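Listing of input.tsv; format and content: TSV, C-alpha atoms.
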chain	number	residue	atom	x	y	z
P	29	MET	CA	152.93	55.34	-71.56
P	30	ARG	CA	151.85	52.94	-68.80
P	31	LEU	CA	149.02	51.57	-70.98
P	32	LEU	CA	151.50	50.88	-73.76
P	33	TRP	CA	153.75	48.91	-71.43
P	34	LYS	CA	150.80	46.89	-70.15
P	35	LEU	CA	149.76	46.05	-73.69
P	36	LEU	CA	153.32	44.96	-74.53
P	37	ILE	CA	153.49	42.73	-71.46
P	38	LEU	CA	150.12	41.12	-72.26
P	39	LEU	CA	151.24	40.54	-75.84
P	40	ALA	CA	154.47	38.90	-74.63
P	41	LEU	CA	152.52	36.64	-72.25
P	42	ALA	CA	150.14	35.66	-75.03
P	43	ILE	CA	153.01	34.73	-77.32
P	44	ALA	CA	154.70	32.75	-74.54
P	45	GLY	CA	151.40	30.94	-73.79
P	46	ALA	CA	150.90	30.06	-77.43
P	47	LEU	CA	154.42	28.62	-77.72
P	48	LEU	CA	153.97	26.66	-74.47
P	49	TRP	CA	150.63	25.29	-75.67
P	50	GLN	CA	152.21	24.05	-78.90
P	51	LYS	CA	154.81	22.19	-76.89
P	52	LEU	CA	152.24	20.67	-74.53
P	53	ALA	CA	149.91	19.71	-77.41
P	54	ALA	CA	152.73	17.81	-79.09
P	55	ASP	CA	153.77	16.10	-75.84
P	56	PRO	CA	151.27	16.49	-72.95
P	57	GLY	CA	153.54	14.51	-70.63
P	58	TYR	CA	152.60	12.24	-67.75
P	59	LEU	CA	152.27	13.16	-64.08
P	60	GLN	CA	151.63	10.70	-61.20
P	61	LEU	CA	151.05	11.70	-57.60
P	62	VAL	CA	151.17	8.95	-54.96
P	63	TRP	CA	150.29	9.60	-51.30
P	64	GLY	CA	149.49	6.82	-48.86
P	65	GLY	CA	147.04	4.48	-50.57
P	66	TRP	CA	146.08	7.06	-53.12
P	67	SER	CA	147.45	7.40	-56.64
P	68	LEU	CA	146.62	10.24	-59.07
P	69	GLU	CA	147.62	10.14	-62.69
P	70	THR	CA	147.14	13.03	-65.14
P	71	THR	CA	148.79	15.06	-67.87
P	72	LEU	CA	150.82	18.22	-67.32
P	73	PRO	CA	148.24	20.63	-68.86
P	74	VAL	CA	145.53	19.29	-66.58
P	75	ALA	CA	147.80	19.60	-63.54
P	76	ILE	CA	148.59	23.22	-64.40
P	77	ALA	CA	144.89	24.01	-64.85
P	78	VAL	CA	144.01	22.41	-61.50
P	79	ALA	CA	146.80	24.34	-59.76
P	80	LEU	CA	145.60	27.66	-61.22
P	81	LEU	CA	142.03	26.89	-60.20
P	82	ALA	CA	143.15	26.02	-56.66
P	83	LEU	CA	145.10	29.29	-56.46
P	84	ALA	CA	142.06	31.26	-57.61
P	85	LEU	CA	139.91	29.56	-54.98
P	86	LEU	CA	142.44	30.41	-52.26
P	87	LEU	CA	142.46	34.05	-53.32
P	88	VAL	CA	138.67	34.19	-53.26
P	89	LEU	CA	138.63	32.57	-49.82
P	90	ALA	CA	141.19	35.06	-48.50
P	91	TRP	CA	139.13	37.93	-49.91
P	92	LEU	CA	135.99	36.61	-48.23
P	93	ILE	CA	137.81	36.32	-44.89
P	94	ARG	CA	139.14	39.86	-45.14
P	95	LEU	CA	135.86	41.32	-46.36
P	96	PRO	CA	134.26	41.92	-42.91
P	97	PHE	CA	137.46	43.52	-41.54
P	98	LYS	CA	137.73	45.73	-44.61
P	99	GLY	CA	134.10	46.74	-44.19
P	100	TRP	CA	134.63	47.63	-40.56
P	101	LYS	CA	137.71	49.70	-41.46
P	102	GLN	CA	135.88	51.55	-44.21
P	103	ALA	CA	132.95	52.23	-41.90
P	104	ARG	CA	135.35	53.60	-39.25
P	105	GLU	CA	137.02	55.83	-41.82
P	106	ARG	CA	133.65	57.11	-43.03
P	107	ARG	CA	132.64	57.93	-39.46
P	108	ALA	CA	135.94	59.72	-38.88
P	109	ARG	CA	135.52	61.77	-42.05
P	110	ARG	CA	131.97	62.62	-41.06
P	111	HIS	CA	133.12	63.75	-37.59
P	112	MET	CA	135.85	65.82	-39.22
P	113	ALA	CA	133.38	67.50	-41.58
P	114	ASP	CA	130.91	68.15	-38.74
P	115	GLY	CA	133.72	69.60	-36.64
P	116	LEU	CA	134.75	72.00	-39.41
P	117	LEU	CA	131.16	73.16	-39.82
P	118	ALA	CA	130.87	73.64	-36.05
P	119	MET	CA	134.06	75.73	-36.10
P	120	HIS	CA	132.63	77.82	-38.91
P	121	ARG	CA	129.50	78.45	-36.83
P	122	GLY	CA	131.43	79.24	-33.65
P	123	GLU	CA	130.26	76.12	-31.76
P	124	TRP	CA	133.64	75.54	-30.14
P	125	ARG	CA	132.73	72.80	-27.66
P	126	ARG	CA	130.79	70.77	-30.21
P	127	ALA	CA	133.64	71.18	-32.70
P	128	GLU	CA	136.16	69.92	-30.15
P	129	LEU	CA	134.08	66.82	-29.48
P	130	GLN	CA	133.71	66.09	-33.17
P	131	PHE	CA	137.45	66.45	-33.73
P	132	ALA	CA	138.14	64.21	-30.76
P	133	SER	CA	136.04	61.49	-32.41
P	134	ALA	CA	137.79	62.02	-35.74
P	135	ALA	CA	141.21	61.76	-34.06
P	136	ARG	CA	140.59	58.05	-33.41
P	137	ASP	CA	141.41	57.42	-37.06
P	138	PRO	CA	145.23	57.26	-37.34
P	139	GLN	CA	145.19	58.93	-40.74
P	140	LEU	CA	143.23	61.93	-39.43
P	141	ALA	CA	144.76	62.02	-35.95
P	142	VAL	CA	147.20	64.93	-36.33
P	143	ALA	CA	144.84	67.12	-38.37
P	144	ALA	CA	141.92	66.46	-36.00
P	145	GLN	CA	143.99	67.08	-32.88
P	146	LEU	CA	145.28	70.40	-34.20
P	147	GLN	CA	141.72	71.46	-35.01
P	148	ALA	CA	140.57	70.35	-31.56
P	149	GLU	CA	143.34	72.47	-30.02
P	150	GLU	CA	142.11	75.50	-31.97
P	151	ALA	CA	138.52	74.89	-30.86
P	152	ALA	CA	139.56	74.49	-27.21
P	153	ARG	CA	141.71	77.62	-27.34
P	154	ARG	CA	138.89	79.71	-28.79
P	155	ALA	CA	136.59	78.41	-26.07
P	156	GLY	CA	139.09	79.55	-23.43
P	157	ARG	CA	139.99	75.99	-22.39
P	158	LEU	CA	143.75	76.56	-22.44
P	159	SER	CA	144.77	73.46	-20.47
P	160	GLU	CA	142.80	71.25	-22.87
P	161	ALA	CA	144.37	73.10	-25.79
P	162	ARG	CA	147.87	72.30	-24.52
P	163	ALA	CA	146.85	68.66	-24.04
P	164	TRP	CA	145.71	68.49	-27.66
P	165	LEU	CA	149.07	69.88	-28.82
P	166	ASP	CA	150.88	67.20	-26.82
P	167	ALA	CA	148.61	64.57	-28.37
P	168	ALA	CA	149.43	65.87	-31.86
P	169	ARG	CA	153.14	65.58	-31.08
P	170	ASP	CA	152.67	62.00	-29.90
P	171	SER	CA	150.79	61.22	-33.13
P	172	GLY	CA	153.78	62.23	-35.23
P	173	GLY	CA	152.89	65.88	-35.84
P	174	GLU	CA	155.88	67.55	-34.17
P	175	GLY	CA	156.66	69.62	-37.26
P	176	ASP	CA	153.06	70.74	-37.65
P	177	VAL	CA	152.90	71.75	-33.97
P	178	ARG	CA	156.09	73.80	-34.38
P	179	LEU	CA	154.58	75.51	-37.41
P	180	LEU	CA	151.46	76.44	-35.44
P	181	GLU	CA	153.50	77.73	-32.50
P	182	ALA	CA	155.75	79.78	-34.79
P	183	GLN	CA	152.75	81.41	-36.43
P	184	ARG	CA	151.28	82.39	-33.07
P	185	ARG	CA	154.57	83.77	-31.75
P	186	LEU	CA	154.85	85.88	-34.87
P	187	LEU	CA	151.32	87.22	-34.45
P	188	ASP	CA	152.16	88.05	-30.82
P	189	GLY	CA	155.07	90.21	-31.99
P	190	LEU	CA	157.77	87.74	-30.89
P	191	PRO	CA	159.71	87.01	-34.09
P	192	GLU	CA	162.82	85.76	-32.29
P	193	THR	CA	160.76	83.21	-30.37
P	194	ALA	CA	159.06	82.21	-33.62
P	195	LEU	CA	162.45	81.61	-35.22
P	196	GLU	CA	163.39	79.31	-32.36
P	197	ARG	CA	160.55	77.02	-33.47
P	198	PHE	CA	162.24	76.74	-36.86
P	199	GLU	CA	165.85	76.51	-35.72
P	200	SER	CA	165.66	74.27	-32.64
P	201	GLU	CA	166.53	70.60	-32.81
P	202	GLY	CA	163.94	67.98	-33.60
P	203	GLU	CA	161.51	67.76	-36.47
P	204	ARG	CA	161.41	71.17	-38.11
P	205	PRO	CA	158.33	72.66	-39.75
P	206	ARG	CA	158.31	71.81	-43.42
P	207	GLY	CA	156.35	72.92	-46.44
P	208	PRO	CA	155.80	76.18	-48.33
P	209	ARG	CA	153.88	77.84	-45.50
P	210	ALA	CA	156.69	77.18	-43.06
P	211	LEU	CA	159.12	78.89	-45.43
P	212	HIS	CA	156.84	81.92	-45.73
P	213	LEU	CA	156.44	82.22	-41.95
P	214	GLN	CA	160.18	81.85	-41.42
P	215	LEU	CA	160.91	84.68	-43.85
P	216	GLN	CA	158.28	86.85	-42.15
P	217	ALA	CA	159.91	86.18	-38.80
P	218	LEU	CA	163.38	87.02	-40.18
P	219	ASN	CA	162.09	90.33	-41.54
P	220	ALA	CA	160.41	91.24	-38.26
P	221	ALA	CA	163.49	90.25	-36.25
P	222	GLY	CA	165.74	92.63	-38.17
P	223	ARG	CA	167.31	89.87	-40.28
P	224	ALA	CA	165.66	90.63	-43.61
P	225	GLY	CA	169.04	90.33	-45.32
P	226	GLU	CA	168.87	86.58	-44.70
P	227	SER	CA	165.47	86.45	-46.40
P	228	LEU	CA	166.69	87.91	-49.69
P	229	GLY	CA	168.40	84.71	-50.79
P	230	GLN	CA	165.28	82.61	-50.14
P	231	LEU	CA	162.77	84.68	-52.09
P	232	GLY	CA	163.36	82.54	-55.18
P	233	ALA	CA	162.49	79.37	-53.26
P	234	LEU	CA	159.34	81.01	-51.93
P	235	ARG	CA	158.28	81.98	-55.46
P	236	LYS	CA	158.83	78.41	-56.68
P	237	ALA	CA	156.75	77.09	-53.78
P	238	ARG	CA	153.78	79.19	-55.00
P	239	VAL	CA	152.38	79.57	-51.51
P	240	LEU	CA	151.36	83.15	-52.38
P	241	GLY	CA	149.52	84.57	-55.34
P	242	GLU	CA	151.44	86.65	-57.84
P	243	GLY	CA	150.33	89.96	-56.36
P	244	ALA	CA	151.01	88.91	-52.77
P	245	GLN	CA	154.37	87.41	-53.76
P	246	SER	CA	155.49	90.64	-55.46
P	247	HIS	CA	154.32	92.68	-52.47
P	248	PHE	CA	156.21	90.43	-50.04
P	249	GLU	CA	159.38	90.61	-52.16
P	250	THR	CA	159.14	94.41	-52.17
P	251	GLU	CA	158.62	94.51	-48.40
P	252	THR	CA	161.56	92.18	-47.83
P	253	ALA	CA	163.89	94.18	-50.07
P	254	ALA	CA	162.90	97.45	-48.36
P	255	ALA	CA	163.37	95.93	-44.90
P	256	ALA	CA	166.79	94.53	-45.85
P	257	LEU	CA	167.92	97.99	-46.97
P	258	GLU	CA	166.53	99.72	-43.88
P	259	GLN	CA	168.30	97.18	-41.64
P	260	ALA	CA	171.71	97.55	-43.30
P	261	ALA	CA	174.36	97.99	-40.63
P	262	ASP	CA	176.76	100.15	-42.65
P	263	VAL	CA	177.32	101.68	-46.06
P	264	ASP	CA	179.08	98.63	-47.50
P	265	GLN	CA	176.22	96.33	-46.52
P	266	LEU	CA	173.69	98.82	-47.84
P	267	ILE	CA	175.39	99.00	-51.25
P	268	ALA	CA	175.86	95.23	-51.41
P	269	ARG	CA	172.19	94.60	-50.73
P	270	TRP	CA	171.13	97.30	-53.18
P	271	ARG	CA	173.23	95.75	-55.94
P	272	SER	CA	171.94	92.24	-55.15
P	273	LEU	CA	168.39	93.30	-55.96
P	274	GLY	CA	166.97	92.72	-59.40
P	275	ARG	CA	166.31	95.62	-61.74
P	276	ALA	CA	162.55	95.30	-61.29
P	277	GLN	CA	162.89	95.47	-57.50
P	278	ARG	CA	165.11	98.55	-57.58
P	279	ARG	CA	162.50	100.29	-59.71
P	280	GLN	CA	159.93	99.98	-56.93
P	281	SER	CA	159.48	103.36	-55.25
P	282	THR	CA	159.13	101.67	-51.85
P	283	VAL	CA	162.52	100.00	-52.24
P	284	THR	CA	164.16	103.19	-53.49
P	285	ASP	CA	162.66	105.14	-50.60
P	286	ALA	CA	164.06	102.61	-48.12
P	287	PHE	CA	167.51	102.94	-49.72
P	288	VAL	CA	167.29	106.72	-49.57
P	289	SER	CA	166.24	106.72	-45.92
P	290	ARG	CA	169.10	104.45	-44.88
P	291	ALA	CA	171.61	106.32	-47.03
P	292	LEU	CA	170.58	109.60	-45.40
P	293	ALA	CA	170.89	108.02	-41.96
P	294	LEU	CA	174.41	106.90	-42.88
P	295	LYS	CA	175.31	110.41	-44.16
P	296	GLU	CA	175.44	109.25	-47.78
P	297	GLY	CA	173.51	112.10	-49.39
P	298	ARG	CA	175.15	111.69	-52.81
P	299	ARG	CA	174.13	108.03	-53.09
P	300	ALA	CA	170.61	108.92	-51.97
P	301	ALA	CA	170.40	111.69	-54.55
P	302	ARG	CA	171.59	109.39	-57.34
P	303	ALA	CA	169.03	106.75	-56.40
P	304	ILE	CA	166.21	109.32	-56.43
P	305	GLU	CA	167.33	110.72	-59.78
P	306	ASP	CA	167.52	107.28	-61.40
P	307	SER	CA	164.13	106.22	-60.04
P	308	VAL	CA	162.32	109.43	-61.00
P	309	LYS	CA	163.87	109.29	-64.47
P	310	ARG	CA	162.36	105.84	-65.06
P	311	GLU	CA	158.97	106.54	-63.49
P	312	TRP	CA	157.69	109.67	-61.83
P	313	ASP	CA	156.96	109.32	-58.13
P	314	ASP	CA	155.90	112.52	-56.40
P	315	PRO	CA	156.67	111.64	-52.74
P	316	LEU	CA	160.04	110.17	-53.71
P	317	ALA	CA	160.99	113.26	-55.69
P	318	ALA	CA	160.02	115.40	-52.71
P	319	ARG	CA	162.65	113.65	-50.59
P	320	TYR	CA	165.21	115.49	-52.68
P	321	GLY	CA	164.55	118.38	-50.34
P	322	GLU	CA	165.76	116.35	-47.36
P	323	LEU	CA	169.26	115.90	-48.78
P	324	ASP	CA	171.81	117.75	-46.67
P	325	ASP	CA	175.02	118.09	-48.66
P	326	SER	CA	177.25	120.70	-50.25
P	327	GLU	CA	175.30	121.04	-53.52
P	328	PRO	CA	172.00	122.79	-52.68
P	329	ARG	CA	172.03	124.97	-55.81
P	330	GLN	CA	172.37	121.93	-58.07
P	331	ARG	CA	169.51	120.23	-56.23
P	332	ILE	CA	167.36	123.35	-56.58
P	333	LYS	CA	167.93	123.49	-60.34
P	334	ARG	CA	166.98	119.85	-60.73
P	335	LEU	CA	163.84	120.26	-58.61
P	336	GLU	CA	162.84	123.35	-60.59
P	337	ALA	CA	163.22	121.35	-63.81
P	338	TRP	CA	160.96	118.67	-62.37
P	339	LEU	CA	158.50	121.33	-61.22
P	340	GLN	CA	158.17	122.59	-64.80
P	341	GLN	CA	156.94	119.11	-65.75
P	342	HIS	CA	154.74	118.79	-62.65
P	343	PRO	CA	153.71	122.36	-61.74
P	344	ASP	CA	150.92	121.36	-59.35
P	345	SER	CA	153.02	119.08	-57.14
P	346	PRO	CA	152.85	120.32	-53.52
P	347	ASN	CA	155.64	117.94	-52.54
P	348	LEU	CA	158.06	119.44	-55.06
P	349	GLN	CA	157.16	122.97	-54.00
P	350	LEU	CA	157.71	122.03	-50.35
P	351	ALA	CA	161.07	120.45	-51.19
P	352	LEU	CA	162.12	123.58	-53.07
P	353	GLY	CA	161.02	125.77	-50.17
P	354	ARG	CA	163.17	123.78	-47.77
P	355	LEU	CA	166.24	123.79	-50.03
P	356	CYS	CA	165.96	127.52	-50.71
P	357	ARG	CA	165.69	128.22	-46.97
P	358	ARG	CA	168.79	126.11	-46.37
P	359	ASP	CA	170.64	128.16	-49.00
P	360	GLU	CA	169.26	131.38	-47.45
P	361	LEU	CA	167.18	132.26	-50.51
P	362	TRP	CA	164.43	133.64	-48.32
P	363	GLY	CA	162.21	135.14	-51.00
P	364	LYS	CA	162.20	132.05	-53.19
P	365	SER	CA	161.64	129.86	-50.16
P	366	LEU	CA	158.64	131.99	-49.14
P	367	ASP	CA	157.16	131.78	-52.64
P	368	TYR	CA	157.55	128.01	-52.91
P	369	LEU	CA	156.17	127.36	-49.44
P	370	GLY	CA	153.19	129.62	-50.13
P	371	ARG	CA	152.46	127.71	-53.35
P	372	ALA	CA	152.86	124.41	-51.50
P	373	LEU	CA	150.24	125.51	-48.97
P	374	LYS	CA	147.84	126.54	-51.73
P	375	HIS	CA	148.22	123.09	-53.33
P	376	GLY	CA	147.50	121.28	-50.07
P	377	ALA	CA	150.94	120.45	-48.64
P	378	GLY	CA	149.44	120.73	-45.16
P	379	ALA	CA	151.24	120.56	-41.81
P	380	PRO	CA	154.79	119.91	-43.18
P	381	ALA	CA	154.57	123.12	-45.23
P	382	TRP	CA	153.41	125.11	-42.20
P	383	GLU	CA	156.29	123.69	-40.19
P	384	ALA	CA	158.79	124.63	-42.91
P	385	LEU	CA	157.28	128.11	-43.08
P	386	GLY	CA	157.69	128.38	-39.32
P	387	GLU	CA	161.37	127.49	-39.64
P	388	LEU	CA	161.77	130.10	-42.39
P	389	ASN	CA	160.23	132.85	-40.23
P	390	ALA	CA	162.33	131.77	-37.25
P	391	ASP	CA	165.49	132.04	-39.37
P	392	ARG	CA	164.43	135.55	-40.42
P	393	GLY	CA	163.82	136.55	-36.80
P	394	ASN	CA	160.04	136.89	-37.15
P	395	LEU	CA	159.21	134.84	-34.08
P	396	PRO	CA	155.50	135.77	-33.71
P	397	ARG	CA	154.86	134.71	-37.28
P	398	ALA	CA	156.92	131.53	-36.74
P	399	ARG	CA	154.87	130.64	-33.66
P	400	LEU	CA	151.66	131.06	-35.65
P	401	CYS	CA	153.00	128.77	-38.40
P	402	TYR	CA	153.93	126.10	-35.86
P	403	LEU	CA	150.48	126.46	-34.31
P	404	ASN	CA	148.87	125.87	-37.70
P	405	ALA	CA	150.99	122.74	-38.17
P	406	LEU	CA	149.69	121.43	-34.85
P	407	ARG	CA	146.11	122.41	-35.68
P	408	LEU	CA	146.19	120.55	-38.99
P	409	GLY	CA	147.65	117.53	-37.21
P	410	ARG	CA	144.58	117.53	-34.94
P	411	GLY	CA	142.23	117.97	-37.88
P	412	ASP	CA	141.43	121.66	-37.19
P	413	ASP	CA	141.54	124.49	-39.71
P	414	ALA	CA	144.62	126.68	-40.03
P	415	VAL	CA	144.60	130.27	-38.81
P	416	PRO	CA	145.31	132.76	-41.67
P	417	LEU	CA	148.59	134.64	-41.38
P	418	PRO	CA	148.47	138.45	-41.20
P	419	GLU	CA	149.45	140.24	-44.40
P	420	GLU	CA	153.16	140.91	-44.83
P	421	SER	CA	154.65	143.29	-47.32
P	422	ARG	CA	156.67	141.80	-50.14
P	423	GLN	CA	159.57	144.10	-49.36
P	424	ARG	CA	159.76	142.84	-45.77
P	425	ALA	CA	159.39	139.26	-46.90
P	426	ILE	CA	162.47	139.36	-49.08
P	427	SER	CA	164.52	141.97	-47.26
P	428	SER	CA	166.80	139.36	-45.79
P	429	GLU	CA	167.61	138.13	-49.27
P	430	GLU	CA	168.50	141.54	-50.80
P	431	PRO	CA	172.14	142.55	-50.66
P	432	ALA	CA	172.96	144.99	-47.87
P	433	GLU	CA	174.76	148.28	-48.55
P	434	SER	CA	178.17	148.83	-46.97
P	435	ARG	CA	181.03	151.27	-47.56
P	436	ASP	CA	184.76	150.79	-47.79
P	437	ALA	CA	187.48	152.79	-46.01
P	438	ASN	CA	187.13	155.57	-48.58
P	439	GLY	CA	183.41	155.88	-48.00
P	440	LEU	CA	182.46	154.42	-51.37
P	441	PRO	CA	179.41	152.12	-51.38
P	442	ARG	CA	179.95	148.45	-52.07
P	443	LEU	CA	177.68	145.45	-52.13
P	444	GLY	CA	178.04	142.80	-49.51
P	445	ARG	CA	176.01	140.06	-48.05
Represent the structure from my file as structure tokens, please.
Amino acid sequence: MRLLWKLLILLALAIAGALLWQKLAADPGYLQLVWGGWSLETTLPVAIAVALLALALLLVLAWLIRLPFKGWKQARERRARRHMADGLLAMHRGEWRRAELQFASAARDPQLAVAAQLQAEEAARRAGRLSEARAWLDAARDSGGEGDVRLLEAQRRLLDGLPETALERFESEGERPRGPRALHLQLQALNAAGRAGESLGQLGALRKARVLGEGAQSHFETETAAAALEQAADVDQLIARWRSLGRAQRRQSTVTDAFVSRALALKEGRRAARAIEDSVKREWDDPLAARYGELDDSEPRQRIKRLEAWLQQHPDSPNLQLALGRLCRRDELWGKSLDYLGRALKHGAGAPAWEALGELNADRGNLPRARLCYLNALRLGRGDDAVPLPEESRQRAISSEEPAESRDANGLPRLGR
């Protein structure tokens, strides 16, 4: 498009020149210049040609005068770029002192000053020259890099585990850090400071900035959504944040697990159960389905039936068997709980299954066996092998679940629990 406009302008100038030449050819005019004892007579076309020639000579003269200065400037810029490149190579090789000196030379160029001073600060800091490092930061501020210095300070505060201090670098008065990386660091600091809910609304801007690759961006969005749910102050905020998430985010097992954890902490077992059911229905997730066994509400039998239906589809899942063992123990179905926990151990459920089995034996009053189960849980946690349990008769194992015999006032037997 620019080339077309240039061609149109040149064509218009050519047409205007041709028309002007026709006028001057028909009447070249007469021009007389008198100065002191001198008198110059000529035609208008000649005068115009002389004026253009004089202008061209002046431009050439000006170019010749500026040529040495331009050469010196270009030579200085080449030296600065060379020092910058040498400094980066020295940093790569771990030659901190040499890198600092090279960056100091590069900083003499105004265009490279801020970048070179920040690199010199990094080199001095790695060399343990902290006072020089602070001096380089002050120099970068004086060179107009206040925002870049704040960005560097915020990043380091975040790495030091001080997200609130990092946020101060973004929120304090003065030139604020700008650019896609500053936005990413600010959202990281908000998440770490327990303010992930404020990050949710800025995820779209971060995606548009393209500071992260697609995989890293999706991972960060998932982390932010999970953190926002875990940090919800109450049920209303939890539900509001859950509903604000996109469908794709809510399908992430990490996000659903965060919602379930917070819902359980807020005594919202029904909401947690519904979230697990919806997520597992869309895509099977074994650890998430196992959390069904952690729900503590008034519907254990319904939960057991649903888990047993899932177990038919995934019969080798140790997590499901462990969850069923826990729910059956809670509903005092001792025999079924024992069976499920035994199967969970055979399928590698590990220390959690031993702990649940210890709780089951403690509930049944078999304290020696419970102590041995707890010991095995500890042994597996240390990486040791579990100690086999002594054999126990099936009748004793389920005796607490069988109905006990009792008699009424007339001496007739009746079933009771």
### Query
Can you tell me how far CA of Ala217 (chain P) sits from CA of Leu195 (chain P), in Å to one decimal?
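CA of Ala217 (chain P) sits 6.3 Å away from CA of Leu195 (chain P).
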### Query
Skipping near chain neighbours, those fewer than 4 positions away, what residues fall within 9 Å of region 155-163 of chain P using all atoms listed in the file, listed as a PyMOL selection string?
chain P and resi 123-125+146+148-151+167-168
### Task
Write out as a VMD selection string which residues come within 12 Å of region 339-341 of chain P when counting only C-alpha atoms, dropping same-chain ones fewer than 4 positions away.
chain P and resid 312 314 317 to 318 332 to 335 345 to 352 368 371 to 372
Can you write out as JSON lines which residues of region 274-376 of chain P fall within 9 Å of region 238-260 of chain P, alongside each residue's closest atom pair and its distance in Å to one decimal, counting all atoms listed in the file and ordering rows by chain and ascending residue number?
{"residue": "P:Gln277", "atom": "CA", "partner": "P:Thr250", "partner_atom": "CA", "distance": 6.6}
{"residue": "P:Arg278", "atom": "CA", "partner": "P:Ala253", "partner_atom": "CA", "distance": 8.8}
{"residue": "P:Gln280", "atom": "CA", "partner": "P:Thr250", "partner_atom": "CA", "distance": 7.4}
{"residue": "P:Thr282", "atom": "CA", "partner": "P:Ala254", "partner_atom": "CA", "distance": 6.6}
{"residue": "P:Val283", "atom": "CA", "partner": "P:Ala254", "partner_atom": "CA", "distance": 4.7}
{"residue": "P:Thr284", "atom": "CA", "partner": "P:Ala254", "partner_atom": "CA", "distance": 7.8}
{"residue": "P:Asp285", "atom": "CA", "partner": "P:Ala254", "partner_atom": "CA", "distance": 8.0}
{"residue": "P:Ala286", "atom": "CA", "partner": "P:Ala254", "partner_atom": "CA", "distance": 5.3}
{"residue": "P:Phe287", "atom": "CA", "partner": "P:Leu257", "partner_atom": "CA", "distance": 5.7}
{"residue": "P:Ser289", "atom": "CA", "partner": "P:Glu258", "partner_atom": "CA", "distance": 7.3}
{"residue": "P:Arg290", "atom": "CA", "partner": "P:Glu258", "partner_atom": "CA", "distance": 5.5}
{"residue": "P:Ala291", "atom": "CA", "partner": "P:Glu258", "partner_atom": "CA", "distance": 8.9}
#### Entry: Atomic distance CA of Asp344 (chain P) - CA of Ala303 (chain P), expressed in Å with one decimal
23.5 Å
